[in-house]
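Novice: Got coords.cif for you, mmCIF, C-alpha atoms:
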data_entry
#
loop_
_atom_site.group_PDB
_atom_site.id
_atom_site.type_symbol
_atom_site.label_atom_id
_atom_site.label_comp_id
_atom_site.auth_asym_id
_atom_site.auth_seq_id
_atom_site.Cartn_x
_atom_site.Cartn_y
_atom_site.Cartn_z
ATOM 1 C CA MET A 1012 76.916 -3.852 -50.535
ATOM 2 C CA LYS A 1013 76.138 -0.216 -49.878
ATOM 3 C CA THR A 1014 74.359 0.005 -53.175
ATOM 4 C CA TYR A 1015 72.103 -2.959 -52.224
ATOM 5 C CA GLN A 1016 71.145 -1.377 -48.929
ATOM 6 C CA SER A 1017 70.340 1.883 -50.600
ATOM 7 C CA GLN A 1018 68.085 0.136 -53.089
ATOM 8 C CA THR A 1019 66.312 -1.718 -50.257
ATOM 9 C CA LYS A 1020 65.662 1.520 -48.403
ATOM 10 C CA ASP A 1021 64.325 3.115 -51.572
ATOM 11 C CA LYS A 1022 61.988 0.172 -52.140
ATOM 12 C CA LYS A 1023 60.641 0.484 -48.580
ATOM 13 C CA LYS A 1024 60.107 4.210 -49.039
ATOM 14 C CA ASN A 1025 58.377 3.622 -52.346
ATOM 15 C CA PHE A 1026 56.158 0.901 -50.799
ATOM 16 C CA PHE A 1027 54.906 3.196 -48.008
ATOM 17 C CA ALA A 1028 54.495 6.060 -50.395
ATOM 18 C CA ARG A 1029 52.446 3.942 -52.804
ATOM 19 C CA HIS A 1030 50.243 2.423 -50.076
ATOM 20 C CA LYS A 1031 49.919 5.259 -47.580
ATOM 21 C CA TYR A 1032 46.136 5.526 -48.102
ATOM 22 C CA ALA A 1033 45.610 1.803 -47.641
ATOM 23 C CA ILE A 1034 47.720 1.836 -44.510
ATOM 24 C CA ALA A 1035 45.745 4.777 -43.137
ATOM 25 C CA VAL A 1036 42.482 2.894 -43.728
ATOM 26 C CA VAL A 1037 43.769 -0.253 -41.996
ATOM 27 C CA VAL A 1038 44.986 1.743 -38.995
ATOM 28 C CA SER A 1039 41.639 3.539 -38.750
ATOM 29 C CA VAL A 1040 39.737 0.236 -38.875
ATOM 30 C CA LEU A 1041 41.952 -1.210 -36.117
ATOM 31 C CA VAL A 1042 41.408 1.871 -33.915
ATOM 32 C CA ILE A 1043 37.622 1.726 -34.405
ATOM 33 C CA ALA A 1044 37.575 -2.009 -33.609
ATOM 34 C CA ALA A 1045 39.557 -1.381 -30.427
ATOM 35 C CA VAL A 1046 37.154 1.372 -29.328
ATOM 36 C CA ILE A 1047 34.107 -0.851 -29.947
ATOM 37 C CA THR A 1048 35.680 -3.751 -28.061
ATOM 38 C CA LEU A 1049 36.501 -1.591 -25.048
ATOM 39 C CA SER A 1050 32.977 -0.099 -25.061
ATOM 40 C CA VAL A 1051 31.392 -3.558 -24.992
ATOM 41 C CA VAL A 1052 33.703 -4.759 -22.227
ATOM 42 C CA PHE A 1053 33.004 -1.775 -19.961
ATOM 43 C CA THR A 1054 29.230 -1.894 -20.476
ATOM 44 C CA LEU A 1055 28.739 -5.595 -19.702
ATOM 45 C CA PRO A 1056 26.587 -6.228 -16.568
ATOM 46 C CA GLU A 1057 28.447 -7.218 -13.464
ATOM 47 C CA LYS A 1058 28.600 -10.937 -12.833
ATOM 48 C CA LYS A 1059 28.674 -12.432 -9.385
ATOM 49 C CA GLY A 1060 28.778 -15.969 -8.132
ATOM 50 C CA ASN A 1061 26.599 -18.796 -9.407
ATOM 51 C CA GLY A 1062 29.189 -19.809 -11.994
ATOM 52 C CA GLY A 1063 29.314 -16.344 -13.522
ATOM 53 C CA ALA A 1064 25.558 -16.026 -14.024
ATOM 54 C CA VAL A 1065 24.169 -12.505 -14.056
ATOM 55 C CA ILE A 1066 22.300 -11.831 -10.817
ATOM 56 C CA ASP A 1067 19.402 -9.432 -11.167
ATOM 57 C CA PRO A 1068 18.518 -7.252 -8.181
ATOM 58 C CA PRO A 1069 15.765 -8.811 -6.054
ATOM 59 C CA ASN A 1070 12.229 -7.663 -6.706
ATOM 60 C CA THR A 1071 10.879 -5.951 -3.617
ATOM 61 C CA PRO A 1072 7.125 -6.557 -3.435
ATOM 62 C CA ALA A 1073 4.958 -3.519 -2.909
ATOM 63 C CA ASP A 1074 3.347 -3.213 0.488
ATOM 64 C CA THR A 1075 -0.245 -4.350 0.002
ATOM 65 C CA THR A 1076 -1.285 -4.103 3.642
ATOM 66 C CA PRO A 1077 -4.481 -1.998 3.771
ATOM 67 C CA THR A 1078 -4.534 1.153 5.863
ATOM 68 C CA VAL A 1079 -6.684 0.714 8.972
ATOM 69 C CA VAL A 1080 -7.607 3.587 11.293
ATOM 70 C CA LEU A 1081 -9.797 4.026 14.345
ATOM 71 C CA PRO A 1082 -13.344 5.290 13.678
ATOM 72 C CA MET A 1083 -12.755 8.162 16.142
ATOM 73 C CA LYS A 1084 -9.735 10.037 17.467
ATOM 74 C CA ASN A 1085 -9.319 10.825 21.154
ATOM 75 C CA ALA A 1086 -12.246 8.615 22.132
ATOM 76 C CA GLU A 1087 -12.405 6.136 24.976
ATOM 77 C CA VAL A 1088 -13.388 2.524 24.525
ATOM 78 C CA GLY A 1089 -16.672 1.955 26.331
ATOM 79 C CA MET A 1090 -18.523 -1.337 26.117
ATOM 80 C CA GLU A 1091 -16.328 -3.891 24.357
ATOM 81 C CA TYR A 1092 -17.210 -6.711 21.970
ATOM 82 C CA SER A 1093 -18.808 -9.709 23.633
ATOM 83 C CA ASP A 1094 -20.197 -12.818 21.951
ATOM 84 C CA GLN A 1095 -19.257 -15.318 24.659
ATOM 85 C CA LYS A 1096 -21.114 -13.876 27.620
ATOM 86 C CA LEU A 1097 -23.982 -11.479 28.238
ATOM 87 C CA VAL A 1098 -23.211 -7.908 29.273
ATOM 88 C CA LEU A 1099 -25.441 -5.289 30.873
ATOM 89 C CA TRP A 1100 -26.897 -2.657 28.577
ATOM 90 C CA GLU A 1101 -27.559 0.102 31.120
ATOM 91 C CA THR A 1102 -30.079 2.018 29.042
ATOM 92 C CA LEU A 1103 -32.241 -1.073 28.469
ATOM 93 C CA ASP A 1104 -31.376 -2.637 31.829
ATOM 94 C CA LEU A 1105 -30.935 -5.896 29.956
ATOM 95 C CA TRP A 1106 -28.224 -8.493 29.820
ATOM 96 C CA GLN A 1107 -27.397 -9.395 26.252
ATOM 97 C CA TRP A 1108 -24.444 -9.849 23.953
ATOM 98 C CA HIS A 1109 -22.721 -6.790 22.439
ATOM 99 C CA PRO A 1110 -21.486 -7.379 18.848
ATOM 100 C CA ALA A 1111 -19.534 -4.122 18.715
ATOM 101 C CA VAL A 1112 -17.029 -1.794 20.322
ATOM 102 C CA ASP A 1113 -18.348 1.545 21.605
ATOM 103 C CA PHE A 1114 -16.073 4.568 21.127
ATOM 104 C CA VAL A 1115 -17.197 7.192 23.627
ATOM 105 C CA GLY A 1116 -16.666 10.894 22.972
ATOM 106 C CA SER A 1117 -17.741 13.792 20.800
ATOM 107 C CA GLY A 1118 -16.204 14.289 17.389
ATOM 108 C CA ASP A 1119 -15.860 13.171 13.811
ATOM 109 C CA VAL A 1120 -16.409 9.573 12.768
ATOM 110 C CA VAL A 1121 -14.328 8.240 9.863
ATOM 111 C CA ALA A 1122 -14.180 5.148 7.679
ATOM 112 C CA VAL A 1123 -11.775 2.586 9.109
ATOM 113 C CA LEU A 1124 -10.822 1.150 5.684
ATOM 114 C CA ASP A 1125 -11.107 2.034 2.028
ATOM 115 C CA GLY A 1126 -14.472 0.919 0.704
ATOM 116 C CA THR A 1127 -17.863 1.705 -0.795
ATOM 117 C CA VAL A 1128 -20.824 3.015 1.177
ATOM 118 C CA LYS A 1129 -23.528 0.355 0.984
ATOM 119 C CA THR A 1130 -26.371 1.999 2.903
ATOM 120 C CA VAL A 1131 -27.201 5.134 4.888
ATOM 121 C CA GLU A 1132 -30.219 4.683 7.182
ATOM 122 C CA LYS A 1133 -32.116 6.529 9.895
ATOM 123 C CA THR A 1134 -33.634 4.150 12.433
ATOM 124 C CA THR A 1135 -35.469 4.563 15.707
ATOM 125 C CA ILE A 1136 -33.423 2.092 17.753
ATOM 126 C CA ASP A 1137 -29.919 2.424 16.255
ATOM 127 C CA GLY A 1138 -30.052 6.075 15.206
ATOM 128 C CA ASN A 1139 -28.290 7.091 12.003
ATOM 129 C CA VAL A 1140 -26.410 4.146 10.539
ATOM 130 C CA VAL A 1141 -23.782 3.936 7.773
ATOM 131 C CA THR A 1142 -22.667 0.580 6.369
ATOM 132 C CA ILE A 1143 -19.478 0.340 4.278
ATOM 133 C CA GLU A 1144 -18.255 -2.632 2.249
ATOM 134 C CA HIS A 1145 -14.508 -3.321 2.068
ATOM 135 C CA ASP A 1146 -12.161 -5.817 0.421
ATOM 136 C CA ASP A 1147 -11.592 -9.322 1.825
ATOM 137 C CA GLY A 1148 -15.233 -9.723 2.853
ATOM 138 C CA TYR A 1149 -15.198 -7.000 5.526
ATOM 139 C CA VAL A 1150 -18.209 -4.802 6.241
ATOM 140 C CA SER A 1151 -18.098 -2.005 8.825
ATOM 141 C CA VAL A 1152 -21.234 -0.608 10.500
ATOM 142 C CA TYR A 1153 -21.350 2.768 12.266
ATOM 143 C CA LYS A 1154 -24.374 3.280 14.557
ATOM 144 C CA SER A 1155 -25.369 6.267 16.727
ATOM 145 C CA LEU A 1156 -24.217 8.817 14.144
ATOM 146 C CA GLY A 1157 -25.487 12.383 14.282
ATOM 147 C CA SER A 1158 -28.070 13.684 11.820
ATOM 148 C CA GLU A 1159 -25.491 15.242 9.460
ATOM 149 C CA VAL A 1160 -24.117 12.172 7.691
ATOM 150 C CA THR A 1161 -21.602 13.277 5.053
ATOM 151 C CA VAL A 1162 -21.791 10.267 2.702
ATOM 152 C CA LYS A 1163 -24.447 8.545 0.637
ATOM 153 C CA ALA A 1164 -24.941 5.062 -0.767
ATOM 154 C CA GLY A 1165 -22.494 4.350 -3.587
ATOM 155 C CA ASP A 1166 -19.792 6.775 -2.421
ATOM 156 C CA LYS A 1167 -16.185 5.582 -2.510
ATOM 157 C CA VAL A 1168 -14.334 6.357 0.718
ATOM 158 C CA LYS A 1169 -10.737 6.109 1.884
ATOM 159 C CA ALA A 1170 -9.576 5.134 5.346
ATOM 160 C CA GLY A 1171 -9.855 8.296 7.451
ATOM 161 C CA ASP A 1172 -12.568 9.971 5.357
ATOM 162 C CA LYS A 1173 -15.253 11.600 7.487
ATOM 163 C CA ILE A 1174 -18.683 9.979 7.353
ATOM 164 C CA GLY A 1175 -20.388 11.835 10.194
ATOM 165 C CA THR A 1176 -20.160 12.679 13.908
ATOM 166 C CA SER A 1177 -20.851 10.807 17.119
ATOM 167 C CA SER A 1178 -24.111 11.399 18.970
ATOM 168 C CA THR A 1179 -26.759 9.891 21.259
ATOM 169 C CA SER A 1180 -29.050 8.864 18.392
ATOM 170 C CA MET A 1181 -28.855 5.163 19.326
ATOM 171 C CA MET A 1182 -31.826 4.835 21.687
ATOM 172 C CA SER A 1183 -30.680 1.509 23.143
ATOM 173 C CA GLU A 1184 -27.430 3.144 24.380
ATOM 174 C CA LEU A 1185 -28.618 6.607 25.464
ATOM 175 C CA LYS A 1186 -26.856 6.437 28.818
ATOM 176 C CA THR A 1187 -23.519 6.012 27.074
ATOM 177 C CA GLY A 1188 -23.666 9.623 25.882
ATOM 178 C CA ASP A 1189 -22.101 10.765 22.602
ATOM 179 C CA HIS A 1190 -20.432 7.762 21.060
ATOM 180 C CA ILE A 1191 -20.174 5.542 18.000
ATOM 181 C CA HIS A 1192 -21.330 1.934 18.161
ATOM 182 C CA PHE A 1193 -18.930 0.210 15.760
ATOM 183 C CA GLU A 1194 -19.651 -3.255 14.361
ATOM 184 C CA LEU A 1195 -17.470 -5.321 12.041
ATOM 185 C CA LYS A 1196 -18.462 -8.304 9.927
ATOM 186 C CA LYS A 1197 -16.465 -10.638 7.743
ATOM 187 C CA ASN A 1198 -18.172 -12.811 5.163
ATOM 188 C CA GLY A 1199 -21.497 -12.047 6.873
ATOM 189 C CA ASP A 1200 -20.445 -12.976 10.429
ATOM 190 C CA TYR A 1201 -19.754 -10.624 13.316
ATOM 191 C CA VAL A 1202 -16.085 -10.431 14.316
ATOM 192 C CA ASP A 1203 -14.375 -8.596 17.159
ATOM 193 C CA PRO A 1204 -13.264 -5.183 15.820
ATOM 194 C CA ALA A 1205 -10.182 -5.493 18.022
ATOM 195 C CA THR A 1206 -8.853 -8.113 15.599
ATOM 196 C CA LEU A 1207 -8.584 -5.422 12.916
ATOM 197 C CA LEU A 1208 -8.445 -2.000 14.563
ATOM 198 C CA PRO A 1209 -5.221 -0.545 16.009
ATOM 199 C CA LEU A 1210 -6.707 -0.243 19.493
ATOM 200 C CA ASP A 1211 -3.252 0.238 21.027
ATOM 201 C CA GLN A 1212 -3.180 3.712 19.495
ATOM 202 C CA ASP A 1213 -4.297 6.773 21.442
ATOM 203 C CA LYS A 1214 -8.060 6.580 21.674
#
Now, as a test, write the supplied structure out as C-alpha cells.
Specialist:
Amino acid sequence: MKTYQSQTKDKKKNFFARHKYAIAVVVSVLVIAAVITLSVVFTLPEKKGNGGAVIDPPNTPADTTPTVVLPMKNAEVGMEYSDQKLVLWETLDLWQWHPAVDFVGSGDVVAVLDGTVKTVEKTTIDGNVVTIEHDDGYVSVYKSLGSEVTVKAGDKVKAGDKIGTSSTSMMSELKTGDHIHFELKKNGDYVDPATLLPLDQDK
C-alpha cells in the first residue's frame, strides 16, 4: 500500500515536471484573458434607465441670438418712433410722422448689429447717412452723422463698431442739437427700433 502511494506521488511529480512549460503557458493565457475581461468591463459606458439603453448627454444648442447694442452710449431718447399719429418737427414747424428714434447727445455712433455697409451718403436734408444691411431682413439707417464717417460701402462691421459721430448735419432736425436719427427697416418696411434695441439700458 505504501509502495502504491509512493508510485502515485512520483507519477504526479513526473507529470508536472514534464509539462511545466505547457502549464505556464496556460496560466499566462488565463491571466491575460482575465485582465482583458476586467478592462472591457470597467471601460463600458454607464447605462441608465430606458431598459439599460445608453443615454448620451444632451446636446446644448449654441446661443444664436445676435448681439444688439444701442447706436449711442449715454444719449437721451428724443423724438420717438411714430407711424400712427403725426408729431411736431420743431425745426420744420410741421406735423408729420417720424419713422425713427432720435438719440440726443454728443459722441460716437456705432453699428447696432453685425452687418455690411450698404451705402455712405452726404445729403442736404438728412446730413451724412450710413445704411447697413443685417441678417433676417434688417436694415439700419443712421442720419445726422458728422462729416468724419469711419466706414465705407462694402465694409463688414460688428455690433458696437464705430461708424461716425453724432452732429447737427440733419437740416430737418437742427433744433434737436447733436443727435443721431436712427431708422430701422425689416424686409423693406419701417419698424419701430424699440422692438429690437435694448432701450431699457442706460441711454
Novice: Carefully work through the PyMOL selection byres ((chain A and resi 1122) around 10) for this structure and note down the residues it includes, as a list of chain:residue names.
Specialist: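 That expression, the PyMOL selection byres ((chain A and resi 1122) around 10), corresponds here to A:Val1079, A:Val1080, A:Leu1081, A:Pro1082, A:Met1083, A:Val1120, A:Val1121, A:Val1123, A:Leu1124, A:Asp1125, A:Gly1126, A:Thr1127, A:Val1128, A:Val1141, A:Thr1142, A:Ile1143, A:Ser1151, A:Val1152, A:Tyr1153, A:Val1168, A:Lys1169, A:Ala1170, A:Gly1171, A:Asp1172, A:Lys1173, A:Ile1174, A:Gly1175.
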Novice: Tell me which protein, DNA and RNA residues are within 10 Å of stretch 1203-1213 of chain A, counting only C-alpha atoms, leaving out same-chain ones fewer than 3 positions away, and put them as a PDB file with C-alpha atoms, in the frame of the given file.
Specialist:
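Okay, this is what ended up in out_3.pdb:
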ATOM      1  CA  VAL A1079      -6.684   0.714   8.972  1.00  0.00           C
ATOM      2  CA  VAL A1080      -7.607   3.587  11.293  1.00  0.00           C
ATOM      3  CA  LEU A1081      -9.797   4.026  14.345  1.00  0.00           C
ATOM      4  CA  PRO A1082     -13.344   5.290  13.678  1.00  0.00           C
ATOM      5  CA  LYS A1084      -9.735  10.037  17.467  1.00  0.00           C
ATOM      6  CA  ASN A1085      -9.319  10.825  21.154  1.00  0.00           C
ATOM      7  CA  ALA A1086     -12.246   8.615  22.132  1.00  0.00           C
ATOM      8  CA  GLU A1087     -12.405   6.136  24.976  1.00  0.00           C
ATOM      9  CA  VAL A1088     -13.388   2.524  24.525  1.00  0.00           C
ATOM     10  CA  GLU A1091     -16.328  -3.891  24.357  1.00  0.00           C
ATOM     11  CA  TYR A1092     -17.210  -6.711  21.970  1.00  0.00           C
ATOM     12  CA  SER A1093     -18.808  -9.709  23.633  1.00  0.00           C
ATOM     13  CA  ASP A1094     -20.197 -12.818  21.951  1.00  0.00           C
ATOM     14  CA  PRO A1110     -21.486  -7.379  18.848  1.00  0.00           C
ATOM     15  CA  ALA A1111     -19.534  -4.122  18.715  1.00  0.00           C
ATOM     16  CA  VAL A1112     -17.029  -1.794  20.322  1.00  0.00           C
ATOM     17  CA  VAL A1123     -11.775   2.586   9.109  1.00  0.00           C
ATOM     18  CA  LEU A1124     -10.822   1.150   5.684  1.00  0.00           C
ATOM     19  CA  SER A1151     -18.098  -2.005   8.825  1.00  0.00           C
ATOM     20  CA  PHE A1193     -18.930   0.210  15.760  1.00  0.00           C
ATOM     21  CA  GLU A1194     -19.651  -3.255  14.361  1.00  0.00           C
ATOM     22  CA  LEU A1195     -17.470  -5.321  12.041  1.00  0.00           C
ATOM     23  CA  LYS A1196     -18.462  -8.304   9.927  1.00  0.00           C
ATOM     24  CA  LYS A1197     -16.465 -10.638   7.743  1.00  0.00           C
TER      25      LYS A1197
END
Novice: Report as number ranges by chain the residues that result from applying the PyMOL selection byres ((chain A and resi 1181) around 10) to the structure here.
Specialist: A: 1134-1140, 1154-1157, 1178-1180, 1182-1192
Novice: Could you state the separation of atom CA of A:Val1150 and atom CA of A:Lys1133 in Å, given to one decimal place?
Specialist: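 Going from atom CA of A:Val1150 over to atom CA of A:Lys1133 covers 18.3 Å.
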Novice: Go through A:Tyr1149, A:Tyr1201, A:Phe1114, A:Trp1108 one by one, measure the shortest atom-to-atom distance of each to A:Gln1095 using only C-alpha atoms, and give the residue with the smallest value.
Specialist: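 Ranked by minimum distance to A:Gln1095, first place goes to A:Trp1108.
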Novice: Considering all atoms listed in the file, can you say which of A:Leu1099, A:Gly1089, A:His1109, A:Val1160 comes closest to A:Val1202?
Specialist: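 Of A:Leu1099, A:Gly1089, A:His1109, A:Val1160, the one nearest A:Val1202, counting all atoms listed in the file, is A:His1109.
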Novice: May I ask for the distance between atom CA of A:Gly1118 and atom CA of A:His1145, given in Å to one decimal place?
Specialist: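 Pair atom CA of A:Gly1118 / atom CA of A:His1145 returns 23.4 Å.
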Novice: Which distance in Å separates atom CA of A:Asp1113 and atom CA of A:Ser1158, to one decimal?
Specialist: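 Atom CA of A:Asp1113 sits 18.4 Å away from atom CA of A:Ser1158.
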Novice: Specify the axis-aligned box that encloses all atoms of stretch 1185-1197 of chain A listed in the file after padding of 8 Å on each side, stating its centre and edge lengths in Å to one decimal as AutoDock Vina command-line options.
Specialist:
--center_x -22.5 --center_y 0.1 --center_z 18.3 --size_x 28.2 --size_y 37.4 --size_z 37.1
Novice: Counting all atoms listed in the file, which residue out of A:Ile1047, A:Thr1176, A:Val1098, A:Asn1198 sits closest to A:Ser1117?
Specialist: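 Comparing A:Ile1047, A:Thr1176, A:Val1098, A:Asn1198 against A:Ser1117, the winner is A:Thr1176.
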